[in-house]
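Visitor: Got a structure for you, data_39.cif, holding mmCIF, C-alpha atoms.
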```cif
data_input
loop_
_atom_site.label_atom_id
_atom_site.label_comp_id
_atom_site.auth_asym_id
_atom_site.auth_seq_id
_atom_site.Cartn_x
_atom_site.Cartn_y
_atom_site.Cartn_z
CA MET A 19 58.87 220.03 -8.54
CA ALA A 20 59.20 217.45 -11.30
CA ALA A 21 58.78 218.68 -14.86
CA ALA A 22 55.73 217.55 -16.76
CA SER A 23 56.21 214.86 -19.40
CA PRO A 24 56.04 215.79 -23.10
CA ALA A 25 52.90 213.66 -23.49
CA VAL A 26 51.14 215.66 -20.75
CA ASP A 27 52.40 218.88 -22.32
CA GLU A 28 51.03 217.78 -25.69
CA LEU A 29 47.62 216.91 -24.22
CA SER A 30 47.41 220.24 -22.44
CA ARG A 31 48.54 222.07 -25.59
CA ASN A 32 45.92 220.27 -27.67
CA PHE A 33 43.23 221.08 -25.11
CA THR A 34 44.29 224.72 -25.12
CA TYR A 35 44.12 224.83 -28.92
CA TRP A 36 40.69 223.21 -28.82
CA ALA A 37 39.40 225.71 -26.28
CA LEU A 38 40.78 228.67 -28.19
CA GLY A 39 39.49 227.29 -31.49
CA ALA A 40 36.04 226.70 -30.04
CA ALA A 41 35.99 230.22 -28.62
CA ASN A 42 37.12 231.86 -31.84
CA GLY A 43 35.34 229.55 -34.29
CA SER A 44 38.61 228.35 -35.82
CA LEU A 45 38.63 224.68 -34.83
CA SER A 46 37.99 223.55 -38.40
CA GLY A 47 40.87 225.70 -39.61
CA ALA A 48 43.32 224.00 -37.23
CA TRP A 49 42.08 220.57 -38.35
CA TYR A 50 42.50 221.62 -41.98
CA ARG A 51 46.08 222.79 -41.39
CA ARG A 52 46.94 219.52 -39.66
CA ASN A 53 45.58 217.53 -42.61
CA GLN A 54 47.59 219.73 -44.96
CA ILE A 55 50.78 218.78 -43.10
CA HIS A 56 49.91 215.09 -43.36
CA LEU A 57 49.08 215.49 -47.04
CA LEU A 58 52.50 217.05 -47.62
CA GLY A 59 54.13 213.98 -46.07
CA VAL A 60 51.99 211.68 -48.24
CA LEU A 61 52.91 213.56 -51.42
CA LEU A 62 56.61 213.46 -50.52
CA ALA A 63 56.43 209.70 -49.91
CA ILE A 64 54.53 208.98 -53.14
CA LEU A 65 56.82 211.17 -55.25
CA GLY A 66 59.88 209.66 -53.58
CA ASN A 67 58.70 206.12 -54.34
CA LEU A 68 57.88 207.01 -57.95
CA VAL A 69 61.32 208.61 -58.43
CA MET A 70 62.88 205.44 -57.02
CA SER A 71 60.88 203.38 -59.53
CA ILE A 72 62.19 205.54 -62.37
CA SER A 73 65.75 205.19 -61.06
CA LEU A 74 65.52 201.39 -60.88
CA ASN A 75 64.25 201.17 -64.46
CA ILE A 76 66.97 203.55 -65.70
CA GLN A 77 69.64 201.41 -64.04
CA LYS A 78 68.07 198.26 -65.50
CA TYR A 79 68.02 199.86 -68.94
CA SER A 80 71.70 200.78 -68.62
CA HIS A 81 72.55 197.16 -67.73
CA VAL A 82 70.62 195.94 -70.78
CA GLN A 83 72.48 198.37 -73.05
CA LEU A 84 75.86 197.34 -71.64
CA ALA A 85 75.03 193.65 -72.09
CA HIS A 86 74.35 194.16 -75.83
CA GLN A 87 77.71 195.85 -76.47
CA GLU A 88 80.51 193.91 -78.09
CA HIS A 89 82.96 194.99 -75.39
CA PRO A 90 80.80 195.80 -72.36
CA ARG A 91 82.13 198.30 -69.85
CA PRO A 92 81.64 198.11 -66.07
CA TYR A 93 78.26 199.49 -65.08
CA PHE A 94 79.76 202.21 -62.85
CA LYS A 95 81.36 203.77 -65.95
CA SER A 96 77.96 204.32 -67.55
CA ALA A 97 76.57 207.86 -67.25
CA LEU A 98 73.02 206.49 -67.47
CA TRP A 99 73.61 204.25 -64.46
CA TRP A 100 74.80 207.24 -62.42
CA VAL A 101 71.67 209.17 -63.40
CA GLY A 102 69.64 206.32 -61.95
CA ALA A 103 71.77 206.32 -58.78
CA ALA A 104 71.25 210.08 -58.37
CA LEU A 105 67.48 209.69 -58.78
CA MET A 106 67.55 206.90 -56.20
CA ALA A 107 69.18 209.29 -53.71
CA VAL A 108 66.53 211.94 -54.47
CA GLY A 109 63.74 209.42 -53.89
CA GLU A 110 65.23 208.28 -50.58
CA MET A 111 65.50 211.92 -49.47
CA GLY A 112 61.81 212.38 -50.26
CA ASN A 113 60.92 209.38 -48.13
CA PHE A 114 63.17 210.64 -45.34
CA ALA A 115 61.51 214.07 -45.34
CA ALA A 116 58.02 212.51 -45.41
CA TYR A 117 58.52 210.99 -41.95
CA GLY A 118 58.94 214.49 -40.54
CA PHE A 119 55.42 215.53 -41.65
CA ALA A 120 53.25 212.41 -41.28
CA PRO A 121 52.99 209.34 -39.00
CA ILE A 122 54.94 206.15 -39.65
CA THR A 123 51.69 204.22 -40.02
CA LEU A 124 50.79 206.47 -42.94
CA ILE A 125 54.17 206.63 -44.73
CA ALA A 126 55.45 203.04 -44.42
CA PRO A 127 52.63 201.27 -46.37
CA LEU A 128 53.08 203.68 -49.28
CA GLY A 129 56.09 201.64 -50.36
CA CYS A 130 53.66 199.69 -52.56
CA MET A 131 53.68 202.71 -54.90
CA SER A 132 57.30 201.96 -55.76
CA VAL A 133 56.45 198.41 -56.91
CA THR A 134 53.35 199.39 -58.91
CA GLY A 135 55.10 202.42 -60.38
CA SER A 136 58.03 200.27 -61.46
CA ALA A 137 55.65 197.89 -63.26
CA ILE A 138 54.04 200.77 -65.19
CA ILE A 139 57.38 202.35 -66.12
CA SER A 140 58.85 199.00 -67.24
CA VAL A 141 55.93 198.57 -69.65
CA MET A 142 56.45 202.05 -71.10
CA PHE A 143 60.26 202.17 -71.39
CA LEU A 144 61.49 198.56 -71.25
CA LYS A 145 58.64 197.20 -73.43
CA GLU A 146 57.73 194.49 -70.91
CA ASN A 147 54.38 192.76 -71.15
CA LEU A 148 51.40 194.11 -69.22
CA ARG A 149 49.50 191.19 -67.76
CA ALA A 150 45.99 191.01 -66.39
CA SER A 151 47.40 190.29 -62.93
CA ASP A 152 49.41 193.52 -63.18
CA LEU A 153 46.26 195.57 -63.80
CA LEU A 154 44.42 193.84 -60.97
CA GLY A 155 47.39 194.29 -58.62
CA MET A 156 47.70 197.99 -59.44
CA THR A 157 43.98 198.51 -58.87
CA LEU A 158 44.14 196.80 -55.49
CA ALA A 159 47.28 198.73 -54.51
CA PHE A 160 45.69 202.07 -55.42
CA ALA A 161 42.50 201.17 -53.54
CA GLY A 162 44.55 200.18 -50.49
CA THR A 163 46.51 203.42 -50.69
CA TYR A 164 43.28 205.43 -50.78
CA LEU A 165 42.03 203.68 -47.63
CA LEU A 166 45.37 204.14 -45.89
CA VAL A 167 45.50 207.86 -46.60
CA ASN A 168 41.92 208.44 -45.43
CA PHE A 169 41.87 206.14 -42.38
CA ALA A 170 45.44 206.41 -41.06
CA PRO A 171 45.77 207.88 -37.54
CA ASP A 172 45.03 211.60 -37.54
CA ARG A 173 47.44 212.38 -34.73
CA ASN A 174 49.83 215.27 -35.19
CA GLN A 175 52.99 215.24 -33.06
CA SER A 176 55.80 217.75 -32.88
CA ILE A 177 58.89 215.54 -32.66
CA SER A 178 61.23 217.38 -30.32
CA ALA A 179 64.24 215.99 -28.47
CA ARG A 180 62.30 215.88 -25.19
CA THR A 181 59.50 213.91 -26.87
CA VAL A 182 61.94 211.35 -28.29
CA GLN A 183 63.70 211.01 -24.92
CA TYR A 184 60.36 210.44 -23.18
CA TYR A 185 59.32 207.71 -25.63
CA PHE A 186 62.81 206.18 -25.69
CA VAL A 187 62.73 205.30 -21.96
CA GLY A 188 59.03 204.37 -21.90
CA TRP A 189 58.17 200.88 -20.62
CA GLN A 190 56.34 199.98 -23.85
CA PHE A 191 59.42 200.56 -25.98
CA LEU A 192 61.77 198.88 -23.48
CA ILE A 193 59.69 195.68 -23.50
CA TYR A 194 59.47 195.84 -27.31
CA VAL A 195 63.25 196.24 -27.68
CA ILE A 196 63.99 193.36 -25.29
CA LEU A 197 61.69 191.02 -27.21
CA GLU A 198 63.14 192.19 -30.53
CA ILE A 199 66.71 191.59 -29.35
CA LEU A 200 65.84 188.08 -28.15
CA ILE A 201 64.17 187.17 -31.46
CA PHE A 202 66.99 188.74 -33.48
CA CYS A 203 69.73 186.88 -31.56
CA THR A 204 67.85 183.59 -31.86
CA LEU A 205 67.42 183.93 -35.62
CA LEU A 206 71.01 185.09 -36.03
CA TYR A 207 72.22 182.01 -34.13
CA PHE A 208 70.32 179.66 -36.45
CA HIS A 209 71.52 181.64 -39.48
CA LYS A 210 75.22 181.76 -38.56
CA ARG A 211 75.84 178.66 -36.47
CA LYS A 212 73.30 176.23 -37.94
CA GLY A 213 73.64 177.48 -41.52
CA MET A 214 69.90 178.07 -41.97
CA LYS A 215 69.42 180.46 -44.90
CA HIS A 216 65.66 180.27 -45.37
CA MET A 217 64.11 183.36 -46.91
CA VAL A 218 61.77 183.89 -43.95
CA ILE A 219 64.71 183.98 -41.53
CA LEU A 220 66.65 186.50 -43.61
CA LEU A 221 63.68 188.78 -44.23
CA THR A 222 62.62 188.59 -40.57
CA LEU A 223 66.09 189.86 -39.63
CA VAL A 224 65.59 192.68 -42.15
CA ALA A 225 62.16 193.50 -40.69
CA LEU A 226 63.44 193.59 -37.10
CA LEU A 227 66.13 196.05 -38.14
CA ALA A 228 63.59 198.02 -40.18
CA SER A 229 61.56 198.77 -37.05
CA LEU A 230 64.57 200.50 -35.52
CA THR A 231 65.23 202.24 -38.83
CA VAL A 232 61.79 203.85 -39.11
CA ILE A 233 61.81 204.90 -35.44
CA SER A 234 65.19 206.57 -35.81
CA VAL A 235 64.39 208.05 -39.24
CA LYS A 236 61.22 209.70 -37.93
CA ALA A 237 63.09 210.95 -34.85
CA VAL A 238 65.94 212.46 -36.89
CA SER A 239 63.66 213.90 -39.56
CA GLY A 240 61.20 215.22 -36.97
CA MET A 241 63.92 216.92 -34.93
CA ILE A 242 65.36 218.53 -38.06
CA THR A 243 61.88 219.78 -39.02
CA PHE A 244 61.34 221.06 -35.46
CA SER A 245 64.71 222.85 -35.60
CA VAL A 246 63.77 224.59 -38.84
CA THR A 247 60.24 225.60 -37.82
CA GLU A 248 60.52 226.26 -34.08
CA LYS A 249 63.61 225.63 -31.92
CA MET A 250 67.05 224.08 -32.47
CA GLN A 251 67.12 220.39 -31.48
CA LEU A 252 70.45 219.28 -32.96
CA THR A 253 72.39 220.04 -29.78
CA TYR A 254 70.71 217.23 -27.83
CA PRO A 255 72.61 213.89 -27.55
CA ILE A 256 69.44 211.93 -28.43
CA PHE A 257 69.63 213.31 -31.98
CA TYR A 258 73.05 211.74 -32.58
CA ILE A 259 72.05 208.50 -30.84
CA MET A 260 69.12 208.17 -33.22
CA PHE A 261 71.32 209.10 -36.18
CA ILE A 262 73.81 206.31 -35.33
CA ILE A 263 70.95 203.79 -34.90
CA MET A 264 69.56 204.87 -38.30
CA ILE A 265 72.87 204.37 -40.15
CA ALA A 266 73.77 201.07 -38.45
CA SER A 267 70.34 199.49 -38.96
CA CYS A 268 70.29 200.55 -42.63
CA VAL A 269 73.72 198.99 -43.27
CA PHE A 270 72.79 195.62 -41.76
CA GLN A 271 69.41 195.67 -43.51
CA VAL A 272 71.17 195.95 -46.86
CA LYS A 273 73.49 193.09 -45.89
CA PHE A 274 70.72 190.60 -45.06
CA LEU A 275 68.51 191.75 -47.93
CA SER A 276 71.33 191.24 -50.45
CA GLN A 277 71.81 187.71 -49.13
CA ALA A 278 68.11 187.00 -49.66
CA THR A 279 68.16 188.34 -53.23
CA LYS A 280 71.21 186.19 -54.05
CA LEU A 281 69.61 182.99 -52.78
CA TYR A 282 66.02 183.51 -53.96
CA ASP A 283 64.16 185.02 -56.91
CA THR A 284 63.27 188.69 -56.74
CA THR A 285 59.64 187.80 -57.42
CA MET A 286 59.62 185.95 -54.08
CA VAL A 287 61.72 188.41 -52.07
CA VAL A 288 59.93 191.66 -53.02
CA PRO A 289 56.37 190.86 -51.82
CA VAL A 290 57.50 189.06 -48.65
CA ASN A 291 59.92 191.85 -47.78
CA HIS A 292 57.22 194.47 -48.37
CA LEU A 293 54.84 192.56 -46.07
CA PHE A 294 57.43 192.07 -43.29
CA PHE A 295 58.85 195.60 -43.54
CA THR A 296 55.45 197.33 -43.49
CA THR A 297 54.15 195.21 -40.60
CA SER A 298 57.30 195.87 -38.58
CA ALA A 299 57.22 199.60 -39.31
CA ILE A 300 53.53 199.93 -38.36
CA THR A 301 54.15 198.00 -35.11
CA ALA A 302 57.08 200.28 -34.28
CA GLY A 303 55.00 203.40 -34.92
CA ILE A 304 52.17 202.11 -32.72
CA ILE A 305 54.46 201.14 -29.82
CA PHE A 306 57.05 203.92 -29.87
CA TYR A 307 55.04 206.95 -31.03
CA GLN A 308 51.62 205.60 -29.88
CA GLU A 309 50.09 206.64 -33.21
CA PHE A 310 46.84 204.67 -32.77
CA HIS A 311 46.16 206.05 -29.31
CA GLY A 312 42.44 206.86 -29.06
CA ALA A 313 41.60 205.57 -32.57
CA ALA A 314 38.14 204.11 -33.17
CA PHE A 315 37.74 200.38 -33.91
CA LEU A 316 36.20 200.98 -37.33
CA THR A 317 39.09 203.25 -38.32
CA VAL A 318 41.64 200.61 -37.30
CA PHE A 319 39.73 197.87 -39.16
CA ILE A 320 39.52 199.84 -42.42
CA TYR A 321 43.20 200.77 -42.08
CA ILE A 322 44.17 197.09 -41.73
CA PHE A 323 41.98 196.23 -44.71
CA GLY A 324 43.79 198.91 -46.77
CA CYS A 325 47.12 197.35 -45.81
CA PHE A 326 45.82 193.94 -46.90
CA LEU A 327 44.79 195.32 -50.30
CA SER A 328 48.21 196.88 -50.84
CA PHE A 329 49.97 193.64 -49.86
CA LEU A 330 47.80 191.65 -52.26
CA GLY A 331 48.41 194.17 -55.05
CA VAL A 332 52.19 193.94 -54.64
CA PHE A 333 52.01 190.14 -54.72
CA LEU A 334 50.00 190.12 -57.95
CA VAL A 335 52.30 192.62 -59.67
CA THR A 336 55.51 190.73 -58.79
CA ARG A 337 54.14 187.18 -59.24
CA ASN A 338 56.03 185.19 -61.91
CA ARG A 339 57.30 188.38 -63.54
CA GLU A 340 60.88 187.20 -64.13
CA LYS A 341 60.04 183.59 -64.91
CA GLU A 342 58.35 184.56 -68.16
CA HIS A 343 61.66 185.70 -69.65
CA LEU A 344 63.83 182.76 -68.59
CA PRO A 345 65.34 180.89 -71.56
CA GLN A 346 64.96 177.15 -71.95
CA SER A 347 67.74 175.28 -70.15
CA TYR A 348 68.21 172.65 -72.87
CA ILE A 349 67.75 172.02 -76.59
CA ASP A 350 65.45 169.21 -77.66
CA PHE A 351 66.24 167.60 -81.04
CA GLY A 352 63.16 165.40 -81.07
CA ASN A 353 61.47 167.46 -83.79
CA ILE A 354 64.27 167.26 -86.37
CA PRO A 355 63.18 165.12 -89.37
CA GLY A 356 65.09 161.88 -89.71
CA LYS A 357 66.50 162.10 -86.19
CA GLN A 358 64.95 160.14 -83.37
CA MET A 359 66.66 161.32 -80.20
CA LEU A 360 65.10 160.99 -76.78
CA ASP A 361 67.92 162.57 -74.80
CA LYS A 362 68.66 166.25 -74.21
CA ILE A 363 71.95 167.93 -74.92
CA GLN A 364 72.06 169.38 -71.40
CA PRO A 365 70.68 167.26 -68.54
CA ASP A 366 68.22 168.56 -66.00
CA SER A 367 69.79 171.13 -63.68
CA ASN A 368 68.17 169.43 -60.70
CA GLY A 369 69.64 166.02 -61.53
CA LEU A 370 72.85 164.52 -60.21
CA SER A 371 74.46 164.37 -63.67
CA TYR A 372 74.21 168.11 -64.30
CA GLY A 373 77.54 169.55 -65.42
CA THR A 374 79.20 166.14 -65.98
CA LEU A 375 80.46 164.66 -69.22
CA PRO A 376 78.29 161.97 -70.83
CA ASP A 377 79.37 158.36 -70.57
CA GLY A 378 81.52 157.32 -73.51
CA SER A 379 79.99 153.88 -73.67
CA ASP A 380 76.83 155.23 -75.25
CA SER A 381 78.76 156.89 -78.06
CA THR A 382 80.82 153.78 -78.76
CA LYS A 383 77.68 151.65 -78.86
CA SER A 384 76.02 153.97 -81.33
CA GLN A 385 79.14 154.01 -83.53
CA SER A 386 79.32 150.17 -83.59
CA GLY A 387 75.62 150.01 -84.43
CA GLU A 388 76.10 152.34 -87.40
CA LYS A 389 78.99 150.17 -88.68
CA LYS A 390 76.82 147.08 -88.53
CA GLU A 391 74.09 148.78 -90.50
CA VAL A 392 76.58 149.82 -93.22
#
```
Please express the file's structure as structure tokens.

Guide:
Amino acid sequence: MAAASPAVDELSRNFTYWALGAANGSLSGAWYRRNQIHLLGVLLAILGNLVMSISLNIQKYSHVQLAHQEHPRPYFKSALWWVGAALMAVGEMGNFAAYGFAPITLIAPLGCMSVTGSAIISVMFLKENLRASDLLGMTLAFAGTYLLVNFAPDRNQSISARTVQYYFVGWQFLIYVILEILIFCTLLYFHKRKGMKHMVILLTLVALLASLTVISVKAVSGMITFSVTEKMQLTYPIFYIMFIIMIASCVFQVKFLSQATKLYDTTMVVPVNHLFFTTSAITAGIIFYQEFHGAAFLTVFIYIFGCFLSFLGVFLVTRNREKEHLPQSYIDFGNIPGKQMLDKIQPDSNGLSYGTLPDGSDSTKSQSGEKKEV
């Protein structure tokens, strides 16, 4: 006789819990415990993102200090930079653990807390300006986070090795992976062979890899949590398959994301990457773990609206943040008394003459004119 699938086992287990809870009057207690588990995952994700914000500002502060030294040292020899790196690792561990307690669709959008937290910390420690758009963006991000936490799917799954194996060979995930591979190979062809380095192409490659990352991270974290609380799951081959997928997808994500940050401003990359990453992660959670199964239409609509508010908040916080501190690319001598000069010392960086020596004929003409006047 064929063994029952993990999904059927979960449905029967949930029905049994419901029947026992209804008989004993403890249904509300089970619902409360389940919400407590989700709340633990939310708190781990928020704290992890805030710690990452602190680490980024500490590393930025160490770079600023090193730049003001007469003989600057390499950044990896700064103790302050290593403190920031250690805090970054702690924050990532918090995010990793959060996936073991809450759904992907609840944890992934909370990345907006890292951006808003970084803006607040930079005002306090790096003395950056607090703009009106920052306050509006933070308000929208916090409102979106509130809606996400309250209207995210309330489905509690025990991620065991059998559950991951069942979802891994499901037809929904197989179709999703085939489509993702086709899109990824097409974009990679245009990026490598045709030399197309548009930001949307690079960040779409990052987002496609991110979907595999969040699936594997939740599987690995969930199986570790299941091993600690109930039964050992680390002896199953699926655990190591998911672990390899997690490491490989993270490495290539960093590669494409670093290319995007080198070619484009951070103020453009951060909001677009947050939008693409969150959308890809939510789609992966819905398809692989079926996290919106049985959700009401109003719940889904309010959840999507919360995501929209968080996206808009991140965009407002990061908009034109670095451009305010850019120095002027040339020196204009038009305001010096007694000097009437219409040219600039350094030509426009977008012009064809940028970086070339000026024509000597102009200087000789001006010298001959001065001699005639004398």

Visitor: Of the candidates A:Ala103, A:Met264, A:Ala237, A:Leu58, which shows the shortest atom-to-atom distance to Gln183 (chain A), using all atoms listed in the file?

Guide: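 Looking at the shortest contact to Gln183 (chain A), the residue is A:Ala237.
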
Visitor: Go through A:Ile262, A:Phe295, A:Ser132, A:Phe306 and flag the residue nearest Val187 (chain A), using all atoms listed in the file for the distances.

Guide: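 Result for the nearest residue to Val187 (chain A): A:Phe306.
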
Visitor: Contacts of Ala63 (chain A) at 8 Å or less, counting all atoms listed in the file, minus same-chain residues fewer than 3 places along, as a PyMOL selection string?

Guide: chain A and resi 59-60+66-67+112-113+116+125+128

Visitor: Which residue gives the smallest distance to Val133 (chain A) among A:Tyr164, A:Tyr93, A:Phe329, A:Tyr117, with only C-alpha atoms counted?

Guide: A:Phe329

Visitor: Determine, counting all atoms listed in the file, which protein, DNA and RNA residues have an atom within 12 Å of an atom of Gln277 (chain A); residues of the same chain fewer than 3 positions away are not included. Present the result as a ChimeraX atom specification.

Guide: /A:209,215-221,223-224,270-274,280-284,287

Visitor: Show me, as a list of chain:residue names, the residues that have an atom within 12 Å of Ile64 (chain A) when counting only C-alpha atoms, minus same-chain residues fewer than 6 positions from it.

Guide: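 Using only C-alpha atoms, the neighbours found are A:Leu57, A:Leu58, A:Met70, A:Ser71, A:Gly109, A:Glu110, A:Met111, A:Gly112, A:Asn113, A:Phe114, A:Ala115, A:Ala116, A:Leu124, A:Ile125, A:Ala126, A:Pro127, A:Leu128, A:Gly129, A:Cys130, A:Met131, A:Ser132, A:Val133, A:Thr134, A:Gly135, A:Phe160, A:Thr163, A:Val167.
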
Visitor: State, in Å with one decimal place, the distance from CA of Gln308 (chain A) to CA of Phe257 (chain A).

Guide: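 Separation between CA of Gln308 (chain A) and CA of Phe257 (chain A): 19.7 Å.
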
Visitor: Which of these, A:Met106, A:Asn168, A:Leu316, A:Ser276, has the shortest distance to Ile76 (chain A) once you count all atoms listed in the file?

Guide: A:Met106

Visitor: Nearest to Leu105 (chain A) among A:Ile72, A:Leu154, A:Ile139, A:Val182, with distances taken over only C-alpha atoms: which residue is it?

Guide: A:Ile72

Visitor: Specify as a PyMOL selection string each residue included when the PyMOL selection byres ((chain A and resi 178) around 8) is applied to this file.

Guide: chain A and resi 176-177+179-182+240-241+244+251

Visitor: Report, in Å to a single decimal, how far apart CA of Ala302 (chain A) and CA of Leu192 (chain A) are.

Guide: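 Separation between CA of Leu192 (chain A) and CA of Ala302 (chain A): 11.9 Å.
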
Visitor: Kindly complete region 188-204 of chain A to N, CA, C and O atoms; the output should be written as an mmCIF file, in the frame of the given file.

Guide:
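In the end it all went to out30.cif:
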```cif
data_model
loop_
_atom_site.group_PDB
_atom_site.id
_atom_site.type_symbol
_atom_site.label_atom_id
_atom_site.label_comp_id
_atom_site.auth_asym_id
_atom_site.auth_seq_id
_atom_site.Cartn_x
_atom_site.Cartn_y
_atom_site.Cartn_z
ATOM 1 N N GLY A 188 60.335 204.873 -22.294
ATOM 2 C CA GLY A 188 59.030 204.370 -21.900
ATOM 3 C C GLY A 188 59.025 202.857 -21.762
ATOM 4 O O GLY A 188 59.767 202.145 -22.450
ATOM 5 N N TRP A 189 58.166 202.327 -20.870
ATOM 6 C CA TRP A 189 58.170 200.880 -20.620
ATOM 7 C C TRP A 189 57.694 200.107 -21.836
ATOM 8 O O TRP A 189 58.129 198.973 -22.057
ATOM 9 N N GLN A 190 56.807 200.697 -22.661
ATOM 10 C CA GLN A 190 56.340 199.980 -23.850
ATOM 11 C C GLN A 190 57.488 199.708 -24.807
ATOM 12 O O GLN A 190 57.657 198.582 -25.310
ATOM 13 N N PHE A 191 58.316 200.735 -25.045
ATOM 14 C CA PHE A 191 59.420 200.560 -25.980
ATOM 15 C C PHE A 191 60.501 199.652 -25.400
ATOM 16 O O PHE A 191 61.129 198.876 -26.135
ATOM 17 N N LEU A 192 60.746 199.734 -24.094
ATOM 18 C CA LEU A 192 61.770 198.880 -23.480
ATOM 19 C C LEU A 192 61.398 197.404 -23.601
ATOM 20 O O LEU A 192 62.244 196.565 -23.935
ATOM 21 N N ILE A 193 60.130 197.070 -23.344
ATOM 22 C CA ILE A 193 59.690 195.680 -23.500
ATOM 23 C C ILE A 193 59.793 195.252 -24.970
ATOM 24 O O ILE A 193 60.239 194.130 -25.286
ATOM 25 N N TYR A 194 59.411 196.145 -25.877
ATOM 26 C CA TYR A 194 59.470 195.840 -27.310
ATOM 27 C C TYR A 194 60.916 195.589 -27.754
ATOM 28 O O TYR A 194 61.185 194.634 -28.501
ATOM 29 N N VAL A 195 61.845 196.404 -27.291
ATOM 30 C CA VAL A 195 63.250 196.240 -27.680
ATOM 31 C C VAL A 195 63.829 194.947 -27.120
ATOM 32 O O VAL A 195 64.583 194.233 -27.805
ATOM 33 N N ILE A 196 63.483 194.606 -25.877
ATOM 34 C CA ILE A 196 63.990 193.360 -25.290
ATOM 35 C C ILE A 196 63.502 192.151 -26.080
ATOM 36 O O ILE A 196 64.284 191.238 -26.412
ATOM 37 N N LEU A 197 62.213 192.130 -26.407
ATOM 38 C CA LEU A 197 61.690 191.020 -27.210
ATOM 39 C C LEU A 197 62.329 190.979 -28.594
ATOM 40 O O LEU A 197 62.658 189.896 -29.109
ATOM 41 N N GLU A 198 62.528 192.144 -29.195
ATOM 42 C CA GLU A 198 63.140 192.190 -30.530
ATOM 43 C C GLU A 198 64.576 191.698 -30.498
ATOM 44 O O GLU A 198 65.013 190.968 -31.402
ATOM 45 N N ILE A 199 65.328 192.051 -29.466
ATOM 46 C CA ILE A 199 66.710 191.590 -29.350
ATOM 47 C C ILE A 199 66.761 190.081 -29.168
ATOM 48 O O ILE A 199 67.607 189.390 -29.776
ATOM 49 N N LEU A 200 65.869 189.531 -28.349
ATOM 50 C CA LEU A 200 65.840 188.080 -28.150
ATOM 51 C C LEU A 200 65.528 187.345 -29.453
ATOM 52 O O LEU A 200 66.192 186.355 -29.796
ATOM 53 N N ILE A 201 64.522 187.810 -30.178
ATOM 54 C CA ILE A 201 64.170 187.170 -31.460
ATOM 55 C C ILE A 201 65.307 187.315 -32.463
ATOM 56 O O ILE A 201 65.654 186.360 -33.171
ATOM 57 N N PHE A 202 65.904 188.504 -32.526
ATOM 58 C CA PHE A 202 66.990 188.740 -33.480
ATOM 59 C C PHE A 202 68.185 187.840 -33.183
ATOM 60 O O PHE A 202 68.762 187.241 -34.107
ATOM 61 N N CYS A 203 68.574 187.726 -31.915
ATOM 62 C CA CYS A 203 69.730 186.880 -31.560
ATOM 63 C C CYS A 203 69.441 185.416 -31.824
ATOM 64 O O CYS A 203 70.335 184.669 -32.268
ATOM 65 N N THR A 204 68.205 184.986 -31.584
ATOM 66 C CA THR A 204 67.850 183.590 -31.860
ATOM 67 C C THR A 204 67.938 183.272 -33.346
ATOM 68 O O THR A 204 68.534 182.258 -33.754
#
```
